[in-house]
Amino acid sequence: MATVTETVAAHAAPQAGSANAPQETIDGFHLVIEALKLNGIDTVFGLPGIPITDLTRKAQAAGMRVISFRHEQNAGYAAQIAGFMTGKPGVCLTVSAPGFLNGLTALANATTNCFPMILMSGSSEREVVDLQQGDYEEMDQLAIAKPLCKAAFRVLHAEDIGVGVARAIRAAVSGRPGGVYLDLPAKLFPQSLEAQAGRDSLIKVVDPAPRQIPGEDAVKRALDLLKGAKKPLIILGKGAAYAQADADIKALIEKTGIPYLPMSMAKGLLPDTHPQCASAARSFVLPGADVVMLVGARLNWLLSHGKGKTWGGKSSKDWGGQKFIQVDISPTEADSNVAIDAPVVGDIGSCVAALLAGLGSSWPKPPAEWLDAVNERKTRNVAKMAETLAKNPTPMNFHSALNVVRDIVKANPDACLVNEGANALDFTRSIVDMYKPRKRLDVGTWGVMGVGMGFAVGAAVTSGGQVIAIEGDSAFGFSGMEVETICRYNLPVCIVIMNNNGVYRGDETPYGNAKDPAPLVFVKDARYEKLMEAFGGVGAYVTTPAELRKAMEEAIRSRKPTLINAMIDEGAGTESGRITALNPTAAKK
Ligand code: ADP
Ligand code: MG
């Protein structure tokens with residue numbers, strides 16, 4: 001083992017004249033690396049510095065991919081999207097205190113979104129931290145991480161590294177996936193063990209995300225409710241996409257004949273062009289349905305908490321009268337917002353298989369009246385959208401630009417589509433169809449800004465394929481420096497900035513007597529594409545859909561890092577995009 005040989009050289013120089021052969025040892029650095037490799041983790045995303053600098057070098061020397069970022073938050077986002085795409089925990093490596101804190105936003109986001117991720121941070125000396133004696137980057141990182149993750153562990157002794165990594169992996173991927181913190185104090189790394197004992201201390205985790213079989217009675221209860229429905233609806237969430245039970249989910253949808261609605265990151269689990277996809281009739285099916293089956297989707301704010309006008313209730317607090325089935329791995333998710341009549345608790349693969357088996361051979365299709373009504377609404381809305389998309393206004397607006405993106409994604413269904421912003425997010429989600437599972441990667445449960453370049457790097461490294469990132473100009477700003485990372489690793493990432501000169505829109509003027517610009521506007525006509533050119537990538541400045549199409553096609557043909565600065569009408573956006581209602585003053589305007 002090369003790593004052992006290397007540590008032998010470092011730690012066990014033979015003593016001249018000694019009768020005993022030098023003892024082979026393995027140090028903390030290599031135990032961490034070997035523990036990860038043993039568990040099939042071959043990539044770490046991070047940012048080197050004290051005390052983990054050598055860990056990044058040695059990991060690379062040991063054959064791991066080490067992707068170094070310009071800011072830890074972006075490395076954390078890359079790790080978690082790798083986790084979402086693969087079902088294995090993505091690993092993010094940071095330095096102590098400030099680096100750790102930079103990674104923490106991503107850790108919390110992973111936990112909130114149920115993405116498996118491990119944040120591994122170096123930390124300073126326990127004894128000094130606990131007595132608050134003022135160490136370099138002193139911070140009680142474990143305590144700070146705890147409320148933001150599923151589990152947090154600290155390893156103090158080299159012989160416990162195997163256990164620490166195994167516990168972190170299990171905590172990240174078993175049950176409801178999430179973020180895990182692993183604290184690695186600087187003193188751990190130079191500790192060494194006799195090589196064989198070291199290897200024996202490592203754990204290859206058996207069955208890290210065990211199947212959880214739903215109860216037969218729960219499955220029957222759900223199917224009975226579904227069978228009696230006159231206006232059934234299935235909602236697929238990103239938990240369903242994560243579960244990688246694609247074929248069974250498709251079979252369940254098609255055998256029941258029930259219209260379905262994909263949540264944002266479940267788009268493409270079945271192609272958005274599927275005849276049963278009800279996305280274009282969302283505001284009709286939510287209030288209209290009588291029985292709703294949620295599959296890996298929570299009734300959180302993104303679904304108006306299952307209440308209110310969205311669901312046909314009279315006021316914002318009113319229940320619309322729907323019955324709910326909820327398929328979820330978390331036994332405490334049910335009843336979090338409204339009563340769940342039939343919870344089915346288990347992993348989605350097992351639950352969907354059990355539901356499928358229970359359908360039998362003579363499952364009745366939903367009443368034609370309901371299906372016709374959904375289709376009628378869909379056809380009308382699709383035609384309306386087609387009319388809007390066909391327009392070619394000057395200056396370009398979100399619709400005419402995204403019409404191009406829609407075509408490009410259709411022609412490249414294997415590309416990952418990263419998406420963030422306000423209007424750039426909402427319009428892309430509704431205009432750009434997805435065709436394959438786990439290809440749409442976006443702001444998720446929090447609607448967080450800043451995931452863009454981290455997700456783009458993570459997706460490109462994980463898939464080895466093309467990434468298209470549709471970014472609001474404001475959203476891009478949070479992680480824009482990572483274009484250097486994209487160029488350094490020569491990743492096939494095509495960034496399109498929907499540039500409307502500001503947050504929401506760019507045409508606000510200063511308030512009161514201010515000499516400063518209005519708080520929401522940016523430098524007009526900013527040349528973001530030059531940022532990409534600065535690092536050797538391709539930049540393009542486009543003002544028409546035809547120019548945008550040409551630039552995107554060229555980016556995908558060449559696979560070169562590309563940034564397209566797409567100038568959009570600065571008056572085109574709405575405040576807060578589609579979530580204006582959450583912005584109390586904007587809602588009243
Ligand atoms: P969306 O935002 O798409 O609605 P959410 O993140 O709200 O999705 O919901 C995802 C749900 O999926 C969570 O409640 C989570 O517990 C569940 N989940 C995640 N992975 C699995 C799995 N493998 N099996 C079952 N449920 C899962
Ligand atoms: Mg903008």
# chains A, B, ... in the order shown; residues from 1 in each chain; ligands from 1
call {"tool": "residues_near_ligand", "arguments": {"ligand": "ligand 1", "cutoff": "8 Å", "atoms": "only C-alpha atoms and all ligand atoms", "output": "PyMOL selection string"}}
result
chain A and resi 112-115+175-177+236-240+242-244+262-266+295-300+302-303+327-330+333+345-349+351+444-445
call {"tool": "write_last_selection", "arguments": {"atoms": "N, CA and C atoms", "output": "CSV table (one decimal), in the first residue's frame"}}
result
chain,number,residue,atom,x,y,z
A,112,THR,N,-31.6,20.6,5.7
A,112,THR,CA,-33.0,21.1,5.3
A,112,THR,C,-33.5,20.4,4.1
A,113,ASN,N,-32.6,20.1,3.1
A,113,ASN,CA,-33.1,19.5,1.9
A,113,ASN,C,-33.0,18.0,1.9
A,114,CYS,N,-32.6,17.4,3.0
A,114,CYS,CA,-32.4,15.9,3.0
A,114,CYS,C,-31.4,15.4,2.0
A,115,PHE,N,-30.3,16.2,1.9
A,115,PHE,CA,-29.2,15.7,1.0
A,115,PHE,C,-28.1,15.1,1.9
A,175,GLY,N,-32.1,6.5,6.9
A,175,GLY,CA,-33.4,7.2,7.2
A,175,GLY,C,-33.5,8.4,6.3
A,176,ARG,N,-34.0,9.5,6.9
A,176,ARG,CA,-34.0,10.7,6.1
A,176,ARG,C,-32.6,11.3,6.0
A,177,PRO,N,-32.1,11.4,4.8
A,177,PRO,CA,-30.7,11.8,4.6
A,177,PRO,C,-30.5,13.3,5.1
A,236,LEU,N,-44.9,14.3,-6.7
A,236,LEU,CA,-43.6,13.7,-6.6
A,236,LEU,C,-42.6,14.8,-6.1
A,237,GLY,N,-41.9,14.5,-5.0
A,237,GLY,CA,-40.9,15.5,-4.5
A,237,GLY,C,-39.5,15.0,-4.7
A,238,LYS,N,-38.6,15.8,-4.3
A,238,LYS,CA,-37.2,15.5,-4.5
A,238,LYS,C,-36.7,14.3,-3.8
A,239,GLY,N,-37.5,13.9,-2.7
A,239,GLY,CA,-37.2,12.6,-2.0
A,239,GLY,C,-37.4,11.4,-3.0
A,240,ALA,N,-38.4,11.6,-3.9
A,240,ALA,CA,-38.7,10.5,-4.8
A,240,ALA,C,-37.6,10.5,-5.9
A,242,TYR,N,-34.5,11.4,-5.3
A,242,TYR,CA,-33.3,10.9,-4.6
A,242,TYR,C,-33.3,9.4,-4.5
A,243,ALA,N,-34.5,8.8,-4.3
A,243,ALA,CA,-34.6,7.4,-4.0
A,243,ALA,C,-34.1,6.5,-5.1
A,244,GLN,N,-34.0,7.0,-6.3
A,244,GLN,CA,-33.5,6.2,-7.4
A,244,GLN,C,-34.4,4.9,-7.6
A,262,PRO,N,-44.8,17.2,-10.5
A,262,PRO,CA,-43.5,17.1,-10.0
A,262,PRO,C,-43.1,18.4,-9.2
A,263,MET,N,-42.6,18.2,-8.0
A,263,MET,CA,-42.0,19.4,-7.4
A,263,MET,C,-40.7,19.7,-8.2
A,264,SER,N,-40.1,20.9,-7.9
A,264,SER,CA,-39.1,21.4,-8.7
A,264,SER,C,-38.0,20.4,-9.1
A,265,MET,N,-37.4,19.8,-8.0
A,265,MET,CA,-36.2,18.9,-8.3
A,265,MET,C,-36.7,17.5,-8.6
A,266,ALA,N,-38.0,17.3,-8.7
A,266,ALA,CA,-38.5,16.0,-9.2
A,266,ALA,C,-38.9,16.1,-10.7
A,295,VAL,N,-45.4,11.8,-2.6
A,295,VAL,CA,-44.3,10.8,-2.6
A,295,VAL,C,-43.0,11.5,-2.5
A,296,GLY,N,-42.4,11.5,-1.3
A,296,GLY,CA,-41.1,12.2,-1.1
A,296,GLY,C,-41.2,13.7,-1.2
A,297,ALA,N,-42.3,14.2,-0.8
A,297,ALA,CA,-42.5,15.7,-0.8
A,297,ALA,C,-43.2,16.1,0.5
A,298,ARG,N,-42.7,17.2,1.0
A,298,ARG,CA,-43.3,17.7,2.3
A,298,ARG,C,-44.3,18.8,2.0
A,299,LEU,N,-45.3,18.8,2.9
A,299,LEU,CA,-46.3,19.9,2.8
A,299,LEU,C,-45.8,21.2,3.4
A,300,ASN,N,-44.7,21.6,3.0
A,300,ASN,CA,-44.1,22.9,3.6
A,300,ASN,C,-44.6,24.1,2.8
A,302,LEU,N,-43.6,25.4,0.2
A,302,LEU,CA,-43.6,25.2,-1.3
A,302,LEU,C,-45.0,24.6,-1.7
A,303,LEU,N,-45.7,24.0,-0.8
A,303,LEU,CA,-47.0,23.5,-1.1
A,303,LEU,C,-48.1,24.2,-0.3
A,327,VAL,N,-46.1,9.3,1.5
A,327,VAL,CA,-45.1,8.2,1.4
A,327,VAL,C,-43.8,8.9,1.8
A,328,ASP,N,-43.2,8.5,2.9
A,328,ASP,CA,-42.0,9.2,3.4
A,328,ASP,C,-41.2,8.3,4.3
A,329,ILE,N,-39.9,8.5,4.3
A,329,ILE,CA,-39.1,7.7,5.2
A,329,ILE,C,-39.1,8.2,6.6
A,330,SER,N,-39.5,9.4,6.8
A,330,SER,CA,-39.5,10.0,8.2
A,330,SER,C,-40.9,9.7,8.8
A,333,GLU,N,-42.9,13.0,9.8
A,333,GLU,CA,-43.3,14.0,8.8
A,333,GLU,C,-44.8,14.2,8.7
A,345,VAL,N,-44.9,4.8,5.8
A,345,VAL,CA,-43.6,5.1,6.2
A,345,VAL,C,-42.6,4.0,5.8
A,346,GLY,N,-41.6,4.4,5.1
A,346,GLY,CA,-40.6,3.5,4.6
A,346,GLY,C,-39.7,4.2,3.5
A,347,ASP,N,-38.7,3.5,3.0
A,347,ASP,CA,-38.0,4.1,1.9
A,347,ASP,C,-38.9,4.0,0.6
A,348,ILE,N,-38.7,5.0,-0.2
A,348,ILE,CA,-39.6,5.1,-1.3
A,348,ILE,C,-39.5,3.9,-2.3
A,349,GLY,N,-38.3,3.4,-2.4
A,349,GLY,CA,-38.2,2.2,-3.3
A,349,GLY,C,-39.2,1.1,-2.8
A,351,CYS,N,-41.7,1.3,-0.5
A,351,CYS,CA,-43.1,1.8,-0.5
A,351,CYS,C,-43.7,1.7,-1.8
A,444,GLY,N,-33.9,24.6,-3.9
A,444,GLY,CA,-34.5,23.6,-3.0
A,444,GLY,C,-35.4,24.3,-1.9
A,445,THR,N,-35.4,23.6,-0.8
A,445,THR,CA,-36.4,23.9,0.3
A,445,THR,C,-36.3,25.3,0.8
call {"tool": "residues_near_ligand", "arguments": {"ligand": "ligand 2", "cutoff": "12 Å", "atoms": "only C-alpha atoms and all ligand atoms", "output": "VMD selection string"}}
result
chain A and resid 397 to 398 420 to 425 470 to 477 497 to 508 520 to 526 565 to 577
call {"tool": "residues_around", "arguments": {"residues": "A:Ile67", "least_positions_apart": "5", "cutoff": "8 Å", "atoms": "only C-alpha atoms", "output": "number ranges by chain"}}
result
A: 43-46
call {"tool": "write_last_selection", "arguments": {"atoms": "all heavy atoms", "output": "CSV table (one decimal), in the first residue's frame"}}
result
chain,number,residue,atom,x,y,z
A,43,THR,N,-14.1,11.3,-3.9
A,43,THR,CA,-13.9,12.7,-4.2
A,43,THR,C,-14.1,13.5,-3.0
A,43,THR,O,-15.0,13.2,-2.2
A,43,THR,CB,-15.0,13.1,-5.3
A,43,THR,OG1,-14.9,12.3,-6.4
A,43,THR,CG2,-14.8,14.6,-5.7
A,44,VAL,N,-13.3,14.5,-2.7
A,44,VAL,CA,-13.6,15.5,-1.7
A,44,VAL,C,-13.6,16.9,-2.3
A,44,VAL,O,-12.9,17.2,-3.2
A,44,VAL,CB,-12.7,15.5,-0.5
A,44,VAL,CG1,-12.7,14.1,0.3
A,44,VAL,CG2,-11.2,15.8,-0.9
A,45,PHE,N,-14.6,17.7,-1.8
A,45,PHE,CA,-14.7,19.1,-2.2
A,45,PHE,C,-14.2,19.9,-1.0
A,45,PHE,O,-14.7,19.7,0.1
A,45,PHE,CB,-16.1,19.4,-2.6
A,45,PHE,CG,-16.7,18.5,-3.6
A,45,PHE,CD1,-17.4,17.3,-3.3
A,45,PHE,CD2,-16.6,18.8,-5.0
A,45,PHE,CE1,-17.9,16.5,-4.3
A,45,PHE,CE2,-17.1,17.9,-6.0
A,45,PHE,CZ,-17.8,16.8,-5.6
A,46,GLY,N,-13.4,20.9,-1.3
A,46,GLY,CA,-12.9,21.6,-0.1
A,46,GLY,C,-12.1,22.8,-0.4
A,46,GLY,O,-12.0,23.3,-1.5
call {"tool": "residues_around", "arguments": {"residues": "stretch 208-225 of chain A", "least_positions_apart": "5", "cutoff": "8 Å", "atoms": "only C-alpha atoms", "output": "PyMOL selection string"}}
result
chain A and resi 169-170+173-175+291+325+329+342-347+350-351+354-355+358-359
call {"tool": "residues_around", "arguments": {"residues": "stretch 116-120 of chain A", "least_positions_apart": "6", "cutoff": "7 Å", "atoms": "only C-alpha atoms", "output": "JSON list (two decimals) with all heavy atoms, in the first residue's frame"}}
result
[["chain", "number", "residue", "atom", "x", "y", "z"],
["A", 79, "ALA", "N", -20.57, 19.33, -2.59],
["A", 79, "ALA", "CA", -20.62, 18.03, -1.90],
["A", 79, "ALA", "C", -22.06, 17.55, -1.77],
["A", 79, "ALA", "O", -22.37, 16.38, -2.03],
["A", 79, "ALA", "CB", -19.96, 18.15, -0.53],
["A", 80, "GLN", "N", -22.96, 18.44, -1.38],
["A", 80, "GLN", "CA", -24.33, 17.98, -1.14],
["A", 80, "GLN", "C", -25.06, 17.62, -2.42],
["A", 80, "GLN", "O", -25.90, 16.72, -2.42],
["A", 80, "GLN", "CB", -25.13, 18.99, -0.33],
["A", 80, "GLN", "CG", -25.43, 20.28, -1.04],
["A", 80, "GLN", "CD", -25.97, 21.31, -0.05],
["A", 80, "GLN", "OE1", -27.08, 21.76, -0.17],
["A", 80, "GLN", "NE2", -25.19, 21.68, 0.95],
["A", 83, "GLY", "N", -24.11, 14.32, -3.27],
["A", 83, "GLY", "CA", -24.88, 13.42, -2.42],
["A", 83, "GLY", "C", -26.27, 13.15, -2.96],
["A", 83, "GLY", "O", -26.74, 12.02, -2.99],
["A", 84, "PHE", "N", -26.93, 14.21, -3.41],
["A", 84, "PHE", "CA", -28.27, 14.06, -3.99],
["A", 84, "PHE", "C", -28.23, 13.19, -5.24],
["A", 84, "PHE", "O", -29.10, 12.34, -5.46],
["A", 84, "PHE", "CB", -28.85, 15.43, -4.31],
["A", 84, "PHE", "CG", -30.14, 15.38, -5.11],
["A", 84, "PHE", "CD1", -31.34, 15.00, -4.52],
["A", 84, "PHE", "CD2", -30.16, 15.71, -6.46],
["A", 84, "PHE", "CE1", -32.52, 14.94, -5.25],
["A", 84, "PHE", "CE2", -31.33, 15.65, -7.20],
["A", 84, "PHE", "CZ", -32.52, 15.27, -6.59],
["A", 88, "LYS", "N", -24.70, 8.73, -2.15],
["A", 88, "LYS", "CA", -23.55, 8.55, -1.24],
["A", 88, "LYS", "C", -23.27, 9.92, -0.63],
["A", 88, "LYS", "O", -23.45, 10.94, -1.29],
["A", 88, "LYS", "CB", -22.31, 8.12, -2.04],
["A", 88, "LYS", "CG", -22.31, 6.66, -2.41],
["A", 88, "LYS", "CD", -20.91, 6.21, -2.81],
["A", 88, "LYS", "CE", -20.68, 6.34, -4.29],
["A", 88, "LYS", "NZ", -19.35, 5.95, -4.74],
["A", 89, "PRO", "N", -22.76, 9.97, 0.61],
["A", 89, "PRO", "CA", -22.53, 11.29, 1.18],
["A", 89, "PRO", "C", -21.44, 12.05, 0.42],
["A", 89, "PRO", "O", -20.38, 11.48, 0.13],
["A", 89, "PRO", "CB", -22.10, 11.00, 2.61],
["A", 89, "PRO", "CG", -21.70, 9.58, 2.65],
["A", 89, "PRO", "CD", -22.39, 8.88, 1.52],
["A", 90, "GLY", "N", -21.71, 13.30, 0.09],
["A", 90, "GLY", "CA", -20.69, 14.15, -0.48],
["A", 90, "GLY", "C", -19.85, 14.71, 0.64],
["A", 90, "GLY", "O", -20.38, 15.07, 1.70],
["A", 91, "VAL", "N", -18.54, 14.76, 0.46],
["A", 91, "VAL", "CA", -17.66, 15.21, 1.53],
["A", 91, "VAL", "C", -17.11, 16.60, 1.23],
["A", 91, "VAL", "O", -16.61, 16.87, 0.14],
["A", 91, "VAL", "CB", -16.49, 14.22, 1.73],
["A", 91, "VAL", "CG1", -15.47, 14.78, 2.71],
["A", 91, "VAL", "CG2", -17.01, 12.88, 2.22],
["A", 92, "CYS", "N", -17.24, 17.47, 2.24],
["A", 92, "CYS", "CA", -16.67, 18.82, 2.14],
["A", 92, "CYS", "C", -15.63, 18.98, 3.25],
["A", 92, "CYS", "O", -15.90, 18.67, 4.40],
["A", 92, "CYS", "CB", -17.77, 19.85, 2.30],
["A", 92, "CYS", "SG", -17.13, 21.54, 2.39],
["A", 93, "LEU", "N", -14.47, 19.45, 2.86],
["A", 93, "LEU", "CA", -13.36, 19.55, 3.79],
["A", 93, "LEU", "C", -13.00, 21.03, 3.98],
["A", 93, "LEU", "O", -12.79, 21.74, 3.00],
["A", 93, "LEU", "CB", -12.19, 18.81, 3.14],
["A", 93, "LEU", "CG", -10.95, 18.51, 3.96],
["A", 93, "LEU", "CD1", -11.30, 17.69, 5.19],
["A", 93, "LEU", "CD2", -9.95, 17.74, 3.09],
["A", 94, "THR", "N", -12.95, 21.47, 5.24],
["A", 94, "THR", "CA", -12.60, 22.88, 5.48],
["A", 94, "THR", "C", -11.58, 23.00, 6.61],
["A", 94, "THR", "O", -11.39, 22.09, 7.40],
["A", 94, "THR", "CB", -13.82, 23.74, 5.90],
["A", 94, "THR", "OG1", -14.07, 23.57, 7.31],
["A", 94, "THR", "CG2", -15.06, 23.40, 5.11],
["A", 107, "LEU", "N", -23.95, 23.09, 5.10],
["A", 107, "LEU", "CA", -24.32, 21.94, 5.93],
["A", 107, "LEU", "C", -25.79, 22.04, 6.34],
["A", 107, "LEU", "O", -26.55, 21.07, 6.26],
["A", 107, "LEU", "CB", -23.43, 21.86, 7.17],
["A", 107, "LEU", "CG", -23.68, 20.66, 8.08],
["A", 107, "LEU", "CD1", -23.21, 19.37, 7.41],
["A", 107, "LEU", "CD2", -22.99, 20.82, 9.42],
["A", 110, "ALA", "N", -28.00, 21.31, 3.42],
["A", 110, "ALA", "CA", -28.07, 19.87, 3.13],
["A", 110, "ALA", "C", -29.08, 19.20, 4.06],
["A", 110, "ALA", "O", -29.91, 18.40, 3.63],
["A", 110, "ALA", "CB", -26.70, 19.23, 3.29],
["A", 168, "ALA", "N", -20.39, 8.78, 10.60],
["A", 168, "ALA", "CA", -20.78, 9.93, 9.77],
["A", 168, "ALA", "C", -21.50, 9.45, 8.52],
["A", 168, "ALA", "O", -22.53, 10.02, 8.13],
["A", 168, "ALA", "CB", -19.55, 10.75, 9.41],
["A", 172, "ALA", "N", -25.46, 10.18, 7.67],
["A", 172, "ALA", "CA", -25.80, 11.01, 6.50],
["A", 172, "ALA", "C", -26.82, 10.33, 5.59],
["A", 172, "ALA", "O", -27.72, 10.98, 5.07],
["A", 172, "ALA", "CB", -24.53, 11.35, 5.70],
["A", 173, "VAL", "N", -26.70, 9.03, 5.37],
["A", 173, "VAL", "CA", -27.54, 8.39, 4.34],
["A", 173, "VAL", "C", -28.67, 7.52, 4.86],
["A", 173, "VAL", "O", -29.58, 7.19, 4.09],
["A", 173, "VAL", "CB", -26.69, 7.57, 3.33],
["A", 173, "VAL", "CG1", -25.74, 8.46, 2.57],
["A", 173, "VAL", "CG2", -25.96, 6.43, 4.01],
["A", 177, "PRO", "N", -32.08, 11.38, 4.80],
["A", 177, "PRO", "CA", -30.69, 11.82, 4.65],
["A", 177, "PRO", "C", -30.49, 13.26, 5.13],
["A", 177, "PRO", "O", -31.46, 14.01, 5.25],
["A", 177, "PRO", "CB", -30.45, 11.74, 3.13],
["A", 177, "PRO", "CG", -31.62, 11.00, 2.56],
["A", 177, "PRO", "CD", -32.75, 11.15, 3.51],
["A", 178, "GLY", "N", -29.24, 13.62, 5.38],
["A", 178, "GLY", "CA", -28.99, 14.99, 5.84],
["A", 178, "GLY", "C", -27.52, 15.27, 6.01],
["A", 178, "GLY", "O", -26.65, 14.45, 5.65],
["A", 179, "GLY", "N", -27.24, 16.41, 6.60],
["A", 179, "GLY", "CA", -25.87, 16.85, 6.80],
["A", 179, "GLY", "C", -25.30, 16.30, 8.10],
["A", 179, "GLY", "O", -26.01, 16.19, 9.10],
["A", 180, "VAL", "N", -24.04, 15.94, 8.09],
["A", 180, "VAL", "CA", -23.35, 15.43, 9.28],
["A", 180, "VAL", "C", -22.04, 16.21, 9.44],
["A", 180, "VAL", "O", -21.37, 16.51, 8.44],
["A", 180, "VAL", "CB", -23.04, 13.93, 9.12],
["A", 180, "VAL", "CG1", -22.20, 13.42, 10.29],
["A", 180, "VAL", "CG2", -24.34, 13.13, 9.02],
["A", 181, "TYR", "N", -21.71, 16.52, 10.67],
["A", 181, "TYR", "CA", -20.46, 17.21, 10.93],
["A", 181, "TYR", "C", -19.46, 16.25, 11.57],
["A", 181, "TYR", "O", -19.79, 15.54, 12.51],
["A", 181, "TYR", "CB", -20.68, 18.42, 11.84],
["A", 181, "TYR", "CG", -19.38, 19.10, 12.19],
["A", 181, "TYR", "CD1", -18.59, 19.64, 11.16],
["A", 181, "TYR", "CD2", -18.91, 19.17, 13.50],
["A", 181, "TYR", "CE1", -17.37, 20.22, 11.45],
["A", 181, "TYR", "CE2", -17.70, 19.77, 13.79],
["A", 181, "TYR", "CZ", -16.93, 20.29, 12.75],
["A", 181, "TYR", "OH", -15.72, 20.86, 13.03],
["A", 182, "LEU", "N", -18.24, 16.25, 11.06],
["A", 182, "LEU", "CA", -17.17, 15.43, 11.63],
["A", 182, "LEU", "C", -16.00, 16.35, 11.97],
["A", 182, "LEU", "O", -15.39, 16.96, 11.09],
["A", 182, "LEU", "CB", -16.75, 14.36, 10.62],
["A", 182, "LEU", "CG", -15.78, 13.29, 11.12],
["A", 182, "LEU", "CD1", -16.37, 12.49, 12.28],
["A", 182, "LEU", "CD2", -15.40, 12.34, 9.98],
["A", 183, "ASP", "N", -15.73, 16.46, 13.26],
["A", 183, "ASP", "CA", -14.70, 17.37, 13.75],
["A", 183, "ASP", "C", -13.36, 16.63, 13.85],
["A", 183, "ASP", "O", -13.27, 15.60, 14.52],
["A", 183, "ASP", "CB", -15.13, 17.88, 15.14],
["A", 183, "ASP", "CG", -14.33, 19.09, 15.58],
["A", 183, "ASP", "OD1", -14.51, 20.17, 14.97],
["A", 183, "ASP", "OD2", -13.52, 18.96, 16.53],
["A", 184, "LEU", "N", -12.36, 17.17, 13.18],
["A", 184, "LEU", "CA", -11.05, 16.51, 13.16],
["A", 184, "LEU", "C", -9.98, 17.47, 13.70],
["A", 184, "LEU", "O", -9.44, 18.30, 12.97],
["A", 184, "LEU", "CB", -10.70, 16.10, 11.72],
["A", 184, "LEU", "CG", -11.71, 15.17, 11.02],
["A", 184, "LEU", "CD1", -11.31, 14.94, 9.56],
["A", 184, "LEU", "CD2", -11.85, 13.84, 11.75]]
call {"tool": "select_by_dssp", "arguments": {"residues": "stretch 277-441 of chain A", "states": "helix (DSSP H, G or I)", "output": "PyMOL selection string"}}
result
chain A and resi 279-288+301-306+309-311+348-359+368-390+398-411+423-431
call {"tool": "closest_residue", "arguments": {"among": "A:Ala546, A:Ser121, A:Asn490, A:Met64", "to": "A:Asn392", "atoms": "only C-alpha atoms"}}
result
A:Ala546
call {"tool": "residues_around", "arguments": {"residues": "A:Ile495", "least_positions_apart": "4", "cutoff": "10 Å", "atoms": "only C-alpha atoms", "output": "count of residues only"}}
result
24
call {"tool": "select_by_dssp", "arguments": {"residues": "stretch 340-541 of chain A", "states": "strand (DSSP E or B)", "output": "PyMOL selection string"}}
result
chain A and resi 342-345+416-420+440-442+467-472+493-499+502+521+538-541
call {"tool": "residues_around", "arguments": {"residues": "A:Arg438", "least_positions_apart": "2", "cutoff": "7 Å", "atoms": "only C-alpha atoms", "output": "count of residues only"}}
result
7
call {"tool": "closest_residue", "arguments": {"among": "A:Leu47, A:Ile41, A:Ala78, A:Ala518", "to": "A:Asp442", "atoms": "only C-alpha atoms"}}
result
A:Ala78
call {"tool": "closest_residue", "arguments": {"among": "A:Lys227, A:Trp301, A:Ser362, A:Val374", "to": "A:Pro287", "atoms": "only C-alpha atoms"}}
result
A:Val374
call {"tool": "atom_distance", "arguments": {"atom1": "atom CA of A:Gly450", "atom2": "atom CA of A:Lys267"}}
result
21.0 Å
